[in-house]
2 protein chains.
Amino acid sequence: MIPLDGRSPQPLYEQIYQYIKDEIRSGKRRAGERLPSTRMLANHLKISRCTTQMAYEQLLSEGYIESVPCKGYFIAGIEELVGLDQEPAPGAVFSREEEKEDCQVDFSLRGLDLERFPFNTWRKITKNTLVDDNKEMFAAGDPQGEYGLREAVGNYLHSARGVHVRPEQIVIGAGSEYLWLLLAQILGRNRCIAMENTTYRQAFRVFSGVGMRVEPISMDANGMSALELEKSGADIAYVMPAHQFPTGIVMPVKRRQELLAWAGAGQERYLIEDDYDSEFRYKGKPIPSLQGMDPAGKVIYIGTFSKSIAPAIRVGYLVLPEKLLAVYREKAGFYASTVSRIDQNILYQFMVQGHYERHLNRMRAIYKAKHDALLEGLKSLESQFEIRGENAGLHVVLTHKGGRAEEELVEQAKRMGVRVYGISRSLIRPEPGRFTSTVLLGYGRLSPDEIRKGTKLLEQAWL
Amino acid sequence: MIPLDGRSPQPLYEQIYQYIKDEIRSGKRRAGERLPSTRMLANHLKISRCTTQMAYEQLLSEGYIESVPCKGYFIAGIEELVGLDQEPAPGAVFSREEEKEDCQVDFSLRGLDLERFPFNTWRKITKNTLVDDNKEMFAAGDPQGEYGLREAVGNYLHSARGVHVRPEQIVIGAGSEYLWLLLAQILGRNRCIAMENTTYRQAFRVFSGVGMRVEPISMDANGMSALELEKSGADIAYVMPAHQFPTGIVMPVKRRQELLAWAGAGQERYLIEDDYDSEFRYKGKPIPSLQGMDPAGKVIYIGTFSKSIAPAIRVGYLVLPEKLLAVYREKAGFYASTVSRIDQNILYQFMVQGHYERHLNRMRAIYKAKHDALLEGLKSLESQFEIRGENAGLHVVLTHKGGRAEEELVEQAKRMGVRVYGISRSLIRPEPGRFTSTVLLGYGRLSPDEIRKGTKLLEQAWL
DNA sequence: GGGTATTTGTCCGTATGTATG
DNA sequence: TCATACATACGGACAAATACC
């Protein structure tokens, strides 16, 4: 029985939250154990169900408990599936995973929390998609992607990201890499593309691989330098305004407008906005997409479901300005869609039934809990490290104030069994004196407990 | 997304109110449409729930929206007349389907018989793939494709097509177009590629689209002219030895050896063997693949499941010679797989459980029946038409002996309600006096009865 | 074994109290 | 005093999982 004091300044839900949290921490409650349902508890304590629920939600957002719809709330398994880590891919010709060694905590940048994926929902939708009267699903589909799915994506982008889009402007494709490649076909190879000097290595390799000239542009605190962009002679600029990878910089409105002005000054100039992880933002008012701020149709918007649903779902989308639509149709309209029509329809159902929004909300809460745990754990490092790129996405950026070399930081962490990642592999062109003592910590796959463990080890490694 | 300005003198709730009011007035929101719940919106905009509620209350009091307890807020249905003429017919942007008119029989070249697809098997395998203990299926997979699937494809190719292949040489990708594109990245753009003068238009567009120089090579009865190839200066040759599209030519062993010899004469020379419909062969011994005849590793083999299973299954495979493997890893190894890992595993199960072989055997019998019906029906045309490309694939080639123009043949057929397709769209370069009176008849989707009906109508149209 | 009542998490609109200019 | 914004608390409706008949 939880003792409640109605006259206490501490709200009821917090008293409940505190009580249960203490029980979990002290070990009185074992992992996997079921909590009383919100109704039962509320009934028992003679309070509103919502109050108990708020308490549970708090516990949930901090990772102490987990919820299973229609079943109950359960104490979280501390390190349930640690070391489940991805596949070693039988005979993997070149697995991207480095060897595990005795790595205890891996702050991997591509790690995601797939445990919470609404598996049953997905399975059910799949089942319903593969019904007998749906055989035409196996025939060839629209090369641009199923119209319904494009509508759903368009609606989502409009409401969530302020993107202005008709379904006709959307092209569905199998992941970012393919879409970059496709984009390169549309824009033409004889382009000069400006990229932020630390950027997605993959994007850089695709664009340079197809023969585009790539101009690295240095960044200030607000992102890509507009001045340098102007001078570079590029006619395309690839940017990530919402949460730049890897620096985590959020481009403020002023810089956005400068870039839009730059694009507007040339007939053939375009901005590519890669909104790769904009789904996750934990603090501060969300800034609409660059595309949404642009009435002139100079922004090509690109996004994917790899982070927001699962990497295995190889689906991404391109939003083309009206002017480029004709070019797309001429140059690439004959490309068959790269995504199975069945998968497109599963995803479509997932979206129109509202599962996508729900899933995003849930994941946002979960990742926020991890994010908070990480920042809390990094507090002790603040004297020697600058922490940036927080409050959004799935990684943070740490820079050693004393200028300790990146390799040393990585190596020191490694000796303590912690894997962190240097920023230098994202550099296109070396910049003397910059990006030399910066490491990246991804927290998507780790549990709050693992994160706390990791930061403790980092403390020992670096201080 | 509603743009909010925290520093504006206009209160937050009023900004929201204004925004939604404008959307309703402009007709962007339809009557009856549901607004996001106060919680969701507040969560999204990172403001208090009460603020969104105040905005909604204002809208409510002005009659723009209605509230339904426990369900949500809805746009009021004052004027149903707003914005009736929206959306331009789903998928109509540029659907590949020509208008139906009063076409009775369509000898479509991309038609397939999907009625016989083992739907239940596929569904069952899908269900079994999506079981709870298979969650890792949603994580990122091998960029080259699931190893198991590559093994299965390799085994199939070895036994069915005589392809010599280790799973390590196989790259799984989302359909032919993507694989061609990938191949172009691997080989490099500064290549000169020889293509048979009538060939897959799509392949031509991909290769020329990425900037490769394309050399059209004329064909004799045995396929691509080895002499002309030698003279062309090309270092890559794209061929379809098993059943050339569209001519249906089967390349005899002698010509194959000439091509192999050509490839062997240059360090960087390669043959691309597109085995697009080799699954279907109705008479005579199946000829092994070109790749299987080549001990020197000069043949790149490419195939897909689009015809043999279903076009919606966007899966194809590339078999790279050992020498190109390293190049692939370096230049394109970072490309994530374009096929959903789940789909790959479904396909894998489909193959290892023997369903693929069974399905192929069944389809071969079915298509043979159609093929026979077509040839039987065309007998009466034999006096005036030469019939070629038979005994394999899913189409035959008809050439008018009298030299009647292709357009006329198509038009005459059309007037009788039959759709046939001219060969000229497969021409890369006009060849005076050739391919001017030839049409193609695909029979994949038609039933034997429809085929008989079609040939009867063609008789009336042409004789 | 197949329908049915119950339980449960989840989402919803609503009401009231409070802090800050 | 009032407008604005936020925090706390309430109970109904719903669909899905589950247990029971």
# chains A, B, ... in the order shown; residues from 1 in each chain; ligands from 1
>>> interface_residues(of="chain B", to="chain C", cutoff="6 Å", atoms="only C-alpha atoms (C1' of nucleotides)", output="ChimeraX atom specification")
/B:69-71
>>> write_last_selection(atoms="C-alpha atoms", output="short mmCIF file (atom, residue, chain, number, x, y, z; two decimals), in the first residue's frame")
data_model
loop_
_atom_site.label_atom_id
_atom_site.label_comp_id
_atom_site.auth_asym_id
_atom_site.auth_seq_id
_atom_site.Cartn_x
_atom_site.Cartn_y
_atom_site.Cartn_z
CA PRO B 69 -15.88 13.97 -25.60
CA CYS B 70 -13.53 11.04 -25.56
CA LYS B 71 -13.08 11.22 -29.29
#
>>> interface_residues(of="chain B", to="chain D", cutoff="12 Å", atoms="only C-alpha atoms (C1' of nucleotides)", output="list in words")
Gly6, Pro9, Gln10, Pro11, Leu12, Tyr13, Glu14, Ala42, Lys46, Ile47, Ser48, Arg49, Cys50, Thr51, Thr52, Gln53, Met54, Ala55, Val68, Pro69, Cys70, Lys71 and Gly72 of chain B
>>> interface_residues(of="chain A", to="chain B", cutoff="6 Å", atoms="only C-alpha atoms", output="PDB file with N, CA and C atoms, in the first residue's frame")
ATOM      1  N   PHE A 138       0.648  -8.007 -56.334  1.00  0.00           N
ATOM      2  CA  PHE A 138       1.868  -8.612 -56.842  1.00  0.00           C
ATOM      3  C   PHE A 138       2.234  -8.141 -58.241  1.00  0.00           C
ATOM      4  N   ALA A 139       1.325  -7.382 -58.835  1.00  0.00           N
ATOM      5  CA  ALA A 139       1.618  -6.848 -60.156  1.00  0.00           C
ATOM      6  C   ALA A 139       2.510  -5.621 -60.023  1.00  0.00           C
ATOM      7  N   ALA A 140       2.983  -5.163 -61.157  1.00  0.00           N
ATOM      8  CA  ALA A 140       3.852  -3.988 -61.132  1.00  0.00           C
ATOM      9  C   ALA A 140       3.063  -2.780 -60.636  1.00  0.00           C
ATOM     10  N   TYR A 147       0.272   5.523 -54.741  1.00  0.00           N
ATOM     11  CA  TYR A 147      -0.274   6.857 -54.532  1.00  0.00           C
ATOM     12  C   TYR A 147      -0.743   7.066 -53.091  1.00  0.00           C
ATOM     13  N   SER A 159       2.030  17.903 -41.590  1.00  0.00           N
ATOM     14  CA  SER A 159       1.647  18.201 -40.210  1.00  0.00           C
ATOM     15  C   SER A 159       2.843  18.154 -39.266  1.00  0.00           C
ATOM     16  N   ALA A 160       3.774  17.266 -39.532  1.00  0.00           N
ATOM     17  CA  ALA A 160       4.874  17.113 -38.582  1.00  0.00           C
ATOM     18  C   ALA A 160       6.052  18.026 -38.897  1.00  0.00           C
ATOM     19  N   ARG A 161       6.263  18.307 -40.163  1.00  0.00           N
ATOM     20  CA  ARG A 161       7.466  19.039 -40.534  1.00  0.00           C
ATOM     21  C   ARG A 161       7.185  20.301 -41.330  1.00  0.00           C
ATOM     22  N   GLY A 162       5.910  20.585 -41.556  1.00  0.00           N
ATOM     23  CA  GLY A 162       5.572  21.819 -42.268  1.00  0.00           C
ATOM     24  C   GLY A 162       5.998  21.816 -43.718  1.00  0.00           C
ATOM     25  N   ALA A 174      14.075   2.937 -52.198  1.00  0.00           N
ATOM     26  CA  ALA A 174      14.639   1.998 -51.220  1.00  0.00           C
ATOM     27  C   ALA A 174      15.814   2.589 -50.457  1.00  0.00           C
ATOM     28  N   LYS A 285      11.057  24.366 -29.142  1.00  0.00           N
ATOM     29  CA  LYS A 285      10.008  24.300 -30.150  1.00  0.00           C
ATOM     30  C   LYS A 285      10.576  23.753 -31.450  1.00  0.00           C
ATOM     31  N   ALA A 310      12.343   1.132 -38.772  1.00  0.00           N
ATOM     32  CA  ALA A 310      13.401   0.135 -38.622  1.00  0.00           C
ATOM     33  C   ALA A 310      14.292   0.168 -39.848  1.00  0.00           C
ATOM     34  N   PRO A 311      15.577  -0.091 -39.671  1.00  0.00           N
ATOM     35  CA  PRO A 311      16.496  -0.052 -40.809  1.00  0.00           C
ATOM     36  C   PRO A 311      16.122  -1.076 -41.875  1.00  0.00           C
ATOM     37  N   ALA A 312      15.527  -2.182 -41.441  1.00  0.00           N
ATOM     38  CA  ALA A 312      15.200  -3.226 -42.409  1.00  0.00           C
ATOM     39  C   ALA A 312      14.100  -2.780 -43.357  1.00  0.00           C
ATOM     40  N   ILE A 313      13.269  -1.845 -42.905  1.00  0.00           N
ATOM     41  CA  ILE A 313      12.238  -1.301 -43.785  1.00  0.00           C
ATOM     42  C   ILE A 313      12.932  -0.343 -44.745  1.00  0.00           C
ATOM     43  N   ARG A 314      13.257  -0.844 -45.893  1.00  0.00           N
ATOM     44  CA  ARG A 314      14.056  -0.017 -46.803  1.00  0.00           C
ATOM     45  C   ARG A 314      13.166   0.941 -47.563  1.00  0.00           C
ATOM     46  N   THR A 338      11.737   0.869 -56.387  1.00  0.00           N
ATOM     47  CA  THR A 338      12.656  -0.086 -55.771  1.00  0.00           C
ATOM     48  C   THR A 338      12.066  -0.710 -54.521  1.00  0.00           C
ATOM     49  N   SER A 340       9.082  -2.960 -52.775  1.00  0.00           N
ATOM     50  CA  SER A 340       8.009  -3.922 -53.012  1.00  0.00           C
ATOM     51  C   SER A 340       6.668  -3.261 -52.760  1.00  0.00           C
ATOM     52  N   ARG A 341       5.757  -3.490 -53.684  1.00  0.00           N
ATOM     53  CA  ARG A 341       4.438  -2.896 -53.565  1.00  0.00           C
ATOM     54  C   ARG A 341       3.725  -3.382 -52.305  1.00  0.00           C
TER      55      ARG A 341
END
>>> calpha_fit_rmsd(fixed="chain B", moving="chain A")
20.7 Å
>>> select_by_dssp(residues="stretch 169-408 of chain A", states="strand (DSSP E)", output="mmCIF file with C-alpha atoms, in the first residue's frame")
data_model
loop_
_atom_site.group_PDB
_atom_site.id
_atom_site.type_symbol
_atom_site.label_atom_id
_atom_site.label_comp_id
_atom_site.auth_asym_id
_atom_site.auth_seq_id
_atom_site.Cartn_x
_atom_site.Cartn_y
_atom_site.Cartn_z
ATOM 1 C CA ILE A 170 6.910 12.482 -53.752
ATOM 2 C CA VAL A 171 9.110 9.655 -54.948
ATOM 3 C CA ILE A 172 9.309 6.522 -52.834
ATOM 4 C CA GLY A 173 12.594 4.651 -52.954
ATOM 5 C CA CYS A 192 28.995 21.070 -58.168
ATOM 6 C CA ILE A 193 27.557 20.156 -54.814
ATOM 7 C CA ALA A 194 28.413 21.910 -51.580
ATOM 8 C CA MET A 195 28.455 19.795 -48.445
ATOM 9 C CA GLU A 196 29.061 20.730 -44.849
ATOM 10 C CA ARG A 213 32.275 17.825 -57.910
ATOM 11 C CA VAL A 214 31.955 18.154 -54.152
ATOM 12 C CA GLU A 215 32.889 21.397 -52.431
ATOM 13 C CA PRO A 216 33.388 21.079 -48.678
ATOM 14 C CA ILE A 217 32.070 24.150 -46.890
ATOM 15 C CA MET A 219 30.575 25.431 -40.625
ATOM 16 C CA ASP A 220 30.201 27.959 -37.884
ATOM 17 C CA GLY A 223 25.829 25.529 -39.757
ATOM 18 C CA MET A 224 27.079 25.811 -43.307
ATOM 19 C CA ILE A 236 23.661 22.495 -55.151
ATOM 20 C CA ALA A 237 23.966 22.530 -51.392
ATOM 21 C CA TYR A 238 23.360 19.458 -49.263
ATOM 22 C CA VAL A 239 22.386 20.357 -45.722
ATOM 23 C CA TYR A 270 18.922 23.849 -55.329
ATOM 24 C CA LEU A 271 19.147 22.962 -51.685
ATOM 25 C CA ILE A 272 18.944 19.352 -50.608
ATOM 26 C CA GLU A 273 17.464 19.076 -47.143
ATOM 27 C CA ASP A 274 18.240 15.749 -45.558
ATOM 28 C CA VAL A 299 14.419 22.812 -51.777
ATOM 29 C CA ILE A 300 14.582 19.087 -52.380
ATOM 30 C CA TYR A 301 13.499 17.288 -49.241
ATOM 31 C CA ILE A 302 14.648 13.795 -48.372
ATOM 32 C CA GLY A 303 13.712 11.533 -45.501
ATOM 33 C CA THR A 304 13.497 7.873 -44.533
ATOM 34 C CA GLY A 316 12.655 6.567 -48.005
ATOM 35 C CA TYR A 317 11.066 9.481 -49.800
ATOM 36 C CA LEU A 318 12.105 12.369 -51.939
ATOM 37 C CA VAL A 319 10.049 15.534 -52.242
ATOM 38 C CA PHE A 385 34.353 18.464 -22.122
ATOM 39 C CA GLU A 386 32.035 20.595 -24.127
ATOM 40 C CA ILE A 387 28.773 18.826 -24.826
ATOM 41 C CA ARG A 388 26.816 19.741 -27.931
ATOM 42 C CA HIS A 395 23.675 11.027 -30.480
ATOM 43 C CA VAL A 396 25.597 13.764 -28.715
ATOM 44 C CA VAL A 397 28.907 15.415 -29.454
ATOM 45 C CA LEU A 398 31.733 15.690 -26.947
ATOM 46 C CA THR A 399 34.758 17.917 -27.407
ATOM 47 C CA HIS A 400 37.684 17.834 -25.056
#
